[in-house]
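Read through the structure below, which is laid out as structure tokens, and then see the notes.
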Amino acid sequence: MTSKNLLIVDDEKRIRETIQTYFKSKGYQALVAADAQEAINIIRELPNLDLIITDVSMPGAKDGISLLTEIKQNLSPFSQVIILTGYPNVAGAVKAMEKGAFTYITKPFDFIDLHRAAERALKKRRQVKINIRRELQKENLSDLGKLWSGLAHNLMSPVQSILGFSELCLAENDLGKIKENLRKIITSTGAIRSSINSLLTKVRKGYSEDISAINLNDMINNELELLMGNLMMKTDIEVRLNLAPELPPVTGVYIDFSQVFLNVVNNAIEAMRASPVKALSVTTRGTDNSVLIEIEDTGTGISPQDLPRIFQPSFTTKTTKRGYRAGQLGTGLGLYSALQISQGYQGTISVESRPGQTKFTIKIPISQKPGKGLAC
Ligand SMILES: Nc1ncnc2c1ncn2[C@@H]1O[C@H](COP(=O)(O)OP(=O)(O)OP(=O)(O)O)[C@@H](O)[C@H]1O
Ligand SMILES: [Mg+2]
């Protein structure tokens, strides 16, 4: 069943409870808040609410418009918001539309009208989810162009070895030496096969929205192998892998997990551009009920002022064209979308940082309710 999560914000107890009872009878999970601050606390806990219905005029430091602005800019930009306004406050309603409200309804309202508006808002929210998933897929697949050139680069050295050792075999009469060269040819051919397999896995799974059991160690190996096409990753960065054997699988869409992983790893690589020591450690471990991926780098670190803001949409410090992806500025959506995707699996992302050392921990429960992860 599709989710219908709703938060009703109104300072009048009778109104918010009547709306709550009505929407519960229509199959919604409906929460209530008495003012903007209480609503903000609830949204912080549950950032993926589908719909928020809020009164405009409320007591306290923040009114409905301030709440709407906070939701759209920071808290949960893809939640839909319906504004309830008293008849004389139409100007406020117009302002609300400019700030990104889905629609406004004037009081006193007809419940059927409010329900219709809520259903339309949910339809829009589902569409937004689909669009974001497509965007992520596109981004993932546009990376494939870069990956192809990386792959071509990676194939050059084993192909070169195969050529060289084959020529040595032709010129050699000693069977022992010929066999030794043949073994090197087999090793190089294995490297080529593994690179091609990684790319094929990416292409196949990058298009698929199928839910399946996923071994996160395999996903990590696959994505890192593809990243090795990146010159800095290949030549400058020491990659330390510590993957737990017999890691329990998680259930979900492959691209969701690979996207979360890549968004965090790309940041780690970018943060090490100017570091004298460039080490990327990736560790996995299983706990009783979840799988952890730890990604640690020896880059710039994140300042204490920036730390609370890094998961906010559009927060970026990459404002000059000097990123590791030459010529590209940050959009500030990498960690935001990684967190949104993880939360769709009831997962979390935490971070610890000091200069020269940053560690992100992605935690995904093993027995989450099966469902597509994109919860934005
Ligand atoms: N490992 C890290 N080391 C240092 N700073 C980091 C690290 N990871 C994230 N950050 C900081 O968090 C900010 C937000 O990261 P996020 O991935 O959301 O956006 P971005 O990398 O700036 O842009 P985008 O990912 O959209 O290209 C970064 O600009 C950077 O300041
Ligand atoms: Mg990023």
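To be explicit about the labels: the chains of the structure tokens are called A, B, and onward in the order shown, and within each one the residues are counted from 1, while ligands get numbers from 1 in the order they are shown.
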- Task: For ligand 1, list the contacting residues at 9 Å or closer, counting only C-alpha atoms and all ligand atoms, as a ChimeraX atom specification.
- Result: /A:263-272,295-303,306-307,309-319,323,325,328-338,351,353,355-360
Close residues, Gln20 (chain A) itself excluded, 10 Å, only C-alpha atoms, min 5 positions apart in chain, as a PDB file with N, CA and C atoms, in the first residue's frame:
```
ATOM      1  N   LEU A   6       0.766  12.201   7.210  1.00  0.00           N
ATOM      2  CA  LEU A   6       0.270  13.571   7.236  1.00  0.00           C
ATOM      3  C   LEU A   6       0.548  14.192   8.601  1.00  0.00           C
ATOM      4  N   LEU A   7       0.909  15.475   8.588  1.00  0.00           N
ATOM      5  CA  LEU A   7       1.043  16.229   9.844  1.00  0.00           C
ATOM      6  C   LEU A   7       0.103  17.431   9.777  1.00  0.00           C
ATOM      7  N   ILE A   8      -0.720  17.581  10.806  1.00  0.00           N
ATOM      8  CA  ILE A   8      -1.659  18.711  10.845  1.00  0.00           C
ATOM      9  C   ILE A   8      -1.173  19.693  11.902  1.00  0.00           C
ATOM     10  N   ARG A  14      -9.409  21.740  18.732  1.00  0.00           N
ATOM     11  CA  ARG A  14     -10.599  21.093  18.153  1.00  0.00           C
ATOM     12  C   ARG A  14     -10.414  20.911  16.635  1.00  0.00           C
ATOM     13  N   ILE A  15      -9.879  21.962  15.993  1.00  0.00           N
ATOM     14  CA  ILE A  15      -9.722  21.875  14.530  1.00  0.00           C
ATOM     15  C   ILE A  15      -8.712  20.793  14.168  1.00  0.00           C
ATOM     16  N   SER A  25      -9.736   8.296   9.126  1.00  0.00           N
ATOM     17  CA  SER A  25     -10.829   7.482   8.561  1.00  0.00           C
ATOM     18  C   SER A  25     -10.613   7.257   7.062  1.00  0.00           C
ATOM     19  N   LYS A  26      -9.752   8.062   6.445  1.00  0.00           N
ATOM     20  CA  LYS A  26      -9.464   7.906   5.008  1.00  0.00           C
ATOM     21  C   LYS A  26      -8.176   7.116   4.776  1.00  0.00           C
ATOM     22  N   TYR A  28      -5.126   7.586   6.273  1.00  0.00           N
ATOM     23  CA  TYR A  28      -3.853   8.316   6.464  1.00  0.00           C
ATOM     24  C   TYR A  28      -3.282   8.009   7.846  1.00  0.00           C
ATOM     25  N   GLN A  29      -1.957   8.098   7.967  1.00  0.00           N
ATOM     26  CA  GLN A  29      -1.349   8.138   9.296  1.00  0.00           C
ATOM     27  C   GLN A  29      -1.217   9.616   9.627  1.00  0.00           C
ATOM     28  N   ALA A  30      -2.019  10.086  10.562  1.00  0.00           N
ATOM     29  CA  ALA A  30      -2.087  11.535  10.789  1.00  0.00           C
ATOM     30  C   ALA A  30      -1.568  11.906  12.170  1.00  0.00           C
ATOM     31  N   LEU A  31      -0.561  12.835  12.171  1.00  0.00           N
ATOM     32  CA  LEU A  31      -0.007  13.355  13.434  1.00  0.00           C
ATOM     33  C   LEU A  31      -0.461  14.802  13.582  1.00  0.00           C
ATOM     34  N   VAL A  32      -0.383  15.319  14.812  1.00  0.00           N
ATOM     35  CA  VAL A  32      -0.770  16.714  15.009  1.00  0.00           C
ATOM     36  C   VAL A  32       0.312  17.483  15.759  1.00  0.00           C
TER      37      VAL A  32
END
```
- Task: Write out as number ranges by chain the residues lying within 12 Å of region 107-109 of chain A, counting only C-alpha atoms and excluding same-chain residues fewer than 3 positions away.
- Result: A: 15, 19, 54-57, 83-90, 93, 104, 112-117
- Task: List the neighbours of region 243-260 of chain A out to 7 Å using only C-alpha atoms; skip same-chain residues closer than 3 positions along the sequence, and give me the result as a ChimeraX atom specification.
- Result: /A:205-206,209-217,219,263-264,283-286,338,341,366,370-373
- Go through region 87-300 of chain A and collect every residue that DSSP, computed from the backbone, puts in helix (DSSP H, G or I); the answer should be as a PyMOL selection string. chain A and resi 87-98+111-171+175-207+216-227+231-235+254-271
- Query: Can you tell me, as a PyMOL selection string, what residues are no more than 8 Å from region 66-72 of chain A when counting only C-alpha atoms, ignoring any on the same chain fewer than 2 positions away?
  - Reply: chain A and resi 36+40+62-64+74-79+81+96+99-101
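In terms of minimum interatomic distance to Gln127 (chain A), A:Asp50 ranks closest within A:Ser195, A:Arg273, A:Asp50, A:Ile178, counting only C-alpha atoms.
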